[in-house]
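Asks: Quick one: the structure is below, and I'll ask about it shortly.
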Number of protein chains: 2
Amino acid sequence: MKKSVKERILETSLHLFQEHGYHGVTVDKIVLEAGTSKGGFYHNYKSKDELLYEIHDVFISYVIEKAELSYTENKTPISRLSAILNSFIKVFDMYKPYITVFYEESAYLNHEFKQVINEKRDRYRKLLEKVIVEGQESGDFRNELPANIVTMAIIGMINWTYKWFKQDGPMTMEEITAIFKDLILRSIVTEQGLVEAKQLNQLIE
Amino acid sequence: MKKSVKERILETSLHLFQEHGYHGVTVDKIVLEAGTSKGGFYHNYKSKDELLYEIHDVFISYVIEKAELSYTENKTPISRLSAILNSFIKVFDMYKPYITVFYEESAYLNHEFKQVINEKRDRYRKLLEKVIVEGQESGDFRNELPANIVTMAIIGMINWTYKWFKQDGPMTMEEITAIFKDLILRSIVTEQGLVEAKQLNQLIE
DNA sequence: AAAAACAAACCGACTAGTCGGTTTTAAAAA
DNA sequence: TTTTTAAAACCGACTAGTCGGTTTGTTTTT
């Protein structure tokens with residue numbers, strides 16, 4: 001099936017934004033590489049701004065969907081956390097260019113768009129924090145740690161990956177995720193949680 | 001002592017770049033807010049590009065200096081790691097705007113500038129990785145973890161802070177760093193390392 | 001025929017950098 | 001001390017080029 005002009009514009013702009021940044025790419029450049037025209041562009045998108053928004057929205061919506069699914073499909077804090085971390089593998093394999101644009105160019109979203117995106121980003125963060133808090137309540141995670149800081153530590157560790165991970169590098173995203181899960185779990189579990197983490201085979205060695 | 005035009009340009013542009021991004025700020029805007037002129041600007045900087053480079057270089061040079069000092073002033077892997085993490089507190093207090101620009105706008109550095117900056121960034125990463133490897137060799141850090149992934153996990157956790165930390169928020173950078181140190185150490189130390197970490201009072205509870 | 005999808009030419013606003021000139025600073029000469 | 005000199009610092013109108021977006025024209029689909 002042939003790709004529509006709209007799809008070609010989206011793919012091309014993702015690729016270009018990722019490499020040169022939003023302001024480093026002109027609409028002319030996009031339509032040239034996408035094999036269309038200014039008319040084709042503005043027929044499909046109201047503005048360059050809206051295109052940037054669409055990229056953001058497609059990505060964050062997917063991430064939220066997978067995270068919420070991870071939550072509902074699992075029943076314990078440890079398995080939920082593990083599933084959320086796993087879901088990030090797929091995000092990386094499928095949405096690598098989106099991630100870069102999402103974290104580097106969101107400053108250039110106009111005000112209303114930025115609000116919508118920030119709300120969704122918050123929903124993601126709060127879900128993860130909820131898992132941590134529930135784990136503390138169940139006695140699986142250490143109570144002396146502030147859940148919000150732990151949440152941001154995890155998000156930072158994971159998100160930063162887009163800065164250095166290479167698809168053709170020496171390690172796959174699966175292998176890296178396995179190590180991240182080990183690091184995260186070992187740093188926050190209690191004695192009780194350690195047992196379940198080992199049972200679920202989420203630790204290395 | 002009165003601030004020079006060059007200093008005023010640097011401070012103003014940092015503030016503006018941080019808020020609107022490199023391309024969201026015009027040279028006219030900078031000189032207006034800095035209380036100077038186009039002539040004053042181009043007398044002190046060859047180009048807008050060079051100004052962006054200077055911001056990057058001042059920051060990364062400071063970070064490297066502090067990290068290398070942390071290494072030479074301490075003699076064990078655990079104390080060295082702890083000192084490097086501590087040094088980040090000062091970076092945050094003094095260089096917050098630099099950090100944002102450094103991590104968001106480096107895409108717009110021209111090629112030669114980007115190379116210089118990337119080399120320095122690598123030096124920092126390699127120093128941290130060296131500490132991890134030496135800790136594995138001494139038996140303080142777990143051998144089964146790949147040092148390069150652990151390094152990037154730590155860097156990610158730390159660096160991401162610039163995205164969410166608020167100077168006037170509920171926690172100080174010192175408190176956050178204490179938690180980060182606990183998380184990092186607990187996830188990578190061996191039984192042997194755990195003893196020293198506790199002796200050095202680097203763990204919570 | 002009517003509408004949707006695109007193409008191509010065009011426009012107005014904006015921007016990095018320039019350049020001729022002026023002011024300030026500071027050292028050297030009287 | 002006062003004057004001369006010249007270099008460094010700074011000013012701001014101007015330009016050449018660029019870019020997002022619009023308008024008009026053409027083809028394809030329904």
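Every chain in the structure tokens has a letter given in the order shown (A, B, ...), and although residue numbers restart at 1 in each chain, ligands are simply numbered from 1 in the order shown.
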What residues in chain B lie within 6 Å of chain A, counting only C-alpha atoms, written as a PyMOL selection string?
Replies: chain B and resi 104+153+156-157+160+183+186-187
Asks: What residues in chain D lie within 8 Å of chain B, counting only C-alpha atoms (C1' of nucleotides), written as a ChimeraX atom specification?
Replies: /D:9-12
Asks: So that I can check the surroundings of range 125-137 of chain B, please list as a PyMOL selection string every protein, DNA and RNA residue that reaches within 7 Å of it, counting only C-alpha atoms (C1' of nucleotides) and ignoring chain neighbours fewer than 3 positions away.
Replies: chain B and resi 77+81+121-122+140-143+147-148+151
Asks: Output the selection as a CSV table (one decimal), in the first residue's frame - N, CA, C and O atoms for each residue.
Replies:
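Okay, out_28.csv is ready:
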chain,number,residue,atom,x,y,z
B,77,PRO,N,36.9,3.8,45.4
B,77,PRO,CA,35.9,3.9,44.4
B,77,PRO,C,34.6,4.5,45.0
B,77,PRO,O,34.0,5.3,44.4
B,81,LEU,N,33.1,8.0,43.8
B,81,LEU,CA,31.7,8.1,43.2
B,81,LEU,C,30.9,9.1,44.0
B,81,LEU,O,30.2,9.9,43.4
B,121,ARG,N,32.7,16.2,26.8
B,121,ARG,CA,31.6,15.4,27.4
B,121,ARG,C,32.0,13.9,27.5
B,121,ARG,O,31.7,13.3,28.6
B,122,ASP,N,32.8,13.4,26.6
B,122,ASP,CA,33.3,12.1,26.6
B,122,ASP,C,34.3,11.9,27.8
B,122,ASP,O,34.3,10.8,28.4
B,140,ASP,N,34.2,-3.8,45.3
B,140,ASP,CA,33.2,-3.0,46.0
B,140,ASP,C,31.9,-3.0,45.1
B,140,ASP,O,30.8,-2.8,45.7
B,141,PHE,N,32.0,-3.0,43.8
B,141,PHE,CA,30.9,-3.0,43.0
B,141,PHE,C,30.6,-4.3,42.3
B,141,PHE,O,31.6,-5.1,42.0
B,142,ARG,N,29.4,-4.6,42.0
B,142,ARG,CA,29.0,-5.9,41.4
B,142,ARG,C,29.6,-6.1,40.0
B,142,ARG,O,29.5,-5.3,39.2
B,143,ASN,N,30.3,-7.2,39.9
B,143,ASN,CA,31.0,-7.5,38.7
B,143,ASN,C,30.1,-7.9,37.5
B,143,ASN,O,30.5,-7.7,36.3
B,147,ALA,N,29.8,-2.0,33.1
B,147,ALA,CA,30.2,-0.7,33.6
B,147,ALA,C,29.6,0.5,32.7
B,147,ALA,O,29.2,1.5,33.3
B,148,ASN,N,29.6,0.3,31.4
B,148,ASN,CA,29.2,1.4,30.6
B,148,ASN,C,27.7,1.7,30.7
B,148,ASN,O,27.2,2.8,30.7
B,151,THR,N,27.1,3.3,34.1
B,151,THR,CA,27.5,4.7,33.9
B,151,THR,C,26.4,5.6,33.3
B,151,THR,O,26.1,6.7,33.8
Asks: Should the cut-off be 9 Å, what would the residue list for chain B against chain C look like, counting only C-alpha atoms (C1' of nucleotides), as a list in words?
Replies: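 Therefore, the residues near the partner are Thr26, Val27, Asp28, Tyr42, Ser47 and Lys48 of chain B.
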Asks: Output C-alpha atoms of each residue in that selection to a file, as a PDB file, in the first residue's frame.
Replies:
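To be explicit, this is the file written out as part.pdb:
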ATOM      1  CA  THR B  26      17.245  36.987  18.122  1.00  0.00           C
ATOM      2  CA  VAL B  27      20.469  38.907  18.460  1.00  0.00           C
ATOM      3  CA  ASP B  28      18.389  42.079  18.558  1.00  0.00           C
ATOM      4  CA  TYR B  42      29.705  41.529  17.338  1.00  0.00           C
ATOM      5  CA  SER B  47      28.834  35.192  15.792  1.00  0.00           C
ATOM      6  CA  LYS B  48      25.699  34.067  17.550  1.00  0.00           C
TER       7      LYS B  48
END
Asks: Rounded to one decimal, what separation in Å do you get between CA of Ile117 in chain B and CA of Tyr53 in chain B?
Replies: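 Value for the CA of Ile117 in chain B-CA of Tyr53 in chain B distance: 8.2 Å.
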Asks: Write out as a PyMOL selection string each polymer residue whose atoms come within 12 Å of Lys114 in chain A, counting only C-alpha atoms (C1' of nucleotides); drop sequence neighbours fewer than 2 positions from it.
Replies: chain A and resi 49-50+52-54+56-57+102+105-112+116-121
Asks: Write the residues of the selection above to a file with C-alpha atoms, as a compact mmCIF listing (two decimals), in the first residue's frame.
Replies:
# COMPACT_ATOMS: atom_id res chain seq x y z
CA ASP A 49 3.52 24.14 14.56
CA GLU A 50 0.65 21.69 14.28
CA LEU A 52 5.25 19.40 15.73
CA TYR A 53 2.25 18.92 18.00
CA GLU A 54 1.11 15.83 16.13
CA HIS A 56 4.39 14.93 20.29
CA ASP A 57 0.86 13.66 20.66
CA PHE A 102 9.63 14.98 22.06
CA GLU A 105 11.77 20.43 20.67
CA SER A 106 8.83 20.71 23.04
CA ALA A 107 10.02 24.22 23.93
CA TYR A 108 8.84 25.34 20.53
CA LEU A 109 5.26 24.12 20.87
CA ASN A 110 2.88 27.01 21.15
CA HIS A 111 1.17 27.59 24.43
CA GLU A 112 -2.07 25.63 24.02
CA VAL A 116 -2.15 19.43 26.26
CA ILE A 117 1.17 17.61 26.00
CA ASN A 118 2.21 18.47 29.54
CA GLU A 119 -1.01 17.08 30.92
CA LYS A 120 -0.43 13.76 29.20
CA ARG A 121 3.17 13.71 30.35
Asks: Taking the chain letters and numbering used in this document, name the residues of range 62-149 of chain A that DSSP puts in alpha helix (DSSP H), as a ChimeraX atom specification.
Replies: /A:62-73,77-104,111-137,147-149
Asks: Which polymer residues have any atom within 9 Å of an atom of range 93-97 of chain B, counting only C-alpha atoms (C1' of nucleotides), with same-chain residues fewer than 5 positions away left out, as a list in words?
Replies: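 My list of contacting residues is Leu14, His15, Phe17, Gln18, Phe59, Phe88, Phe102, Tyr162, Gln167 and Met173 of chain B.
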Asks: Could you write out the selected residues, including N, CA, C and O atoms, as a short mmCIF file (atom, residue, chain, number, x, y, z; two decimals), in the first residue's frame?
Replies:
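Done, and the output landed in out22.cif:
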data_model
loop_
_atom_site.label_atom_id
_atom_site.label_comp_id
_atom_site.auth_asym_id
_atom_site.auth_seq_id
_atom_site.Cartn_x
_atom_site.Cartn_y
_atom_site.Cartn_z
N LEU B 14 21.91 33.55 28.16
CA LEU B 14 21.65 32.33 28.91
C LEU B 14 20.19 32.28 29.34
O LEU B 14 19.49 31.29 29.14
N HIS B 15 19.78 33.37 29.94
CA HIS B 15 18.42 33.47 30.43
C HIS B 15 17.40 33.31 29.30
O HIS B 15 16.41 32.59 29.40
N PHE B 17 17.95 32.03 26.12
CA PHE B 17 18.06 30.73 25.47
C PHE B 17 17.32 29.67 26.28
O PHE B 17 16.65 28.80 25.74
N GLN B 18 17.51 29.74 27.59
CA GLN B 18 16.89 28.77 28.47
C GLN B 18 15.37 28.78 28.31
O GLN B 18 14.71 27.75 28.34
N PHE B 59 30.41 25.66 30.78
CA PHE B 59 29.73 24.66 31.60
C PHE B 59 30.48 23.34 31.68
O PHE B 59 30.83 22.86 32.76
N PHE B 88 27.91 17.52 41.77
CA PHE B 88 26.80 17.93 40.92
C PHE B 88 25.86 18.91 41.61
O PHE B 88 25.17 19.69 40.96
N PHE B 102 22.84 23.62 27.55
CA PHE B 102 23.78 22.58 27.16
C PHE B 102 23.07 21.34 26.62
O PHE B 102 23.49 20.76 25.62
N TYR B 162 17.64 18.36 35.63
CA TYR B 162 17.45 19.73 35.16
C TYR B 162 16.07 19.93 34.56
O TYR B 162 15.59 21.05 34.43
N GLN B 167 14.35 25.35 42.01
CA GLN B 167 15.14 25.92 43.10
C GLN B 167 14.26 26.24 44.31
O GLN B 167 14.68 26.11 45.45
N MET B 173 18.64 20.57 46.55
CA MET B 173 19.46 19.70 45.73
C MET B 173 20.28 18.75 46.59
O MET B 173 20.56 17.62 46.18
#
Asks: Tell me which protein, DNA and RNA residues are within 10 Å of Glu33 in chain A, counting only C-alpha atoms (C1' of nucleotides), leaving out same-chain ones fewer than 2 positions away, and put them as a VMD selection string.
Replies: chain A and resid 8 to 9 12 to 13 16 28 to 31 35 to 37
Asks: Please, what distance in Å, to one decimal, runs between CA of Asn201 in chain A and CA of Ile84 in chain A?
Replies: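 That distance, rounded to one decimal, is 15.7 Å.
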Asks: Can you measure CA of Thr172 in chain B to CA of Leu10 in chain B for me? One decimal in Å is fine.
Replies: 26.6 Å
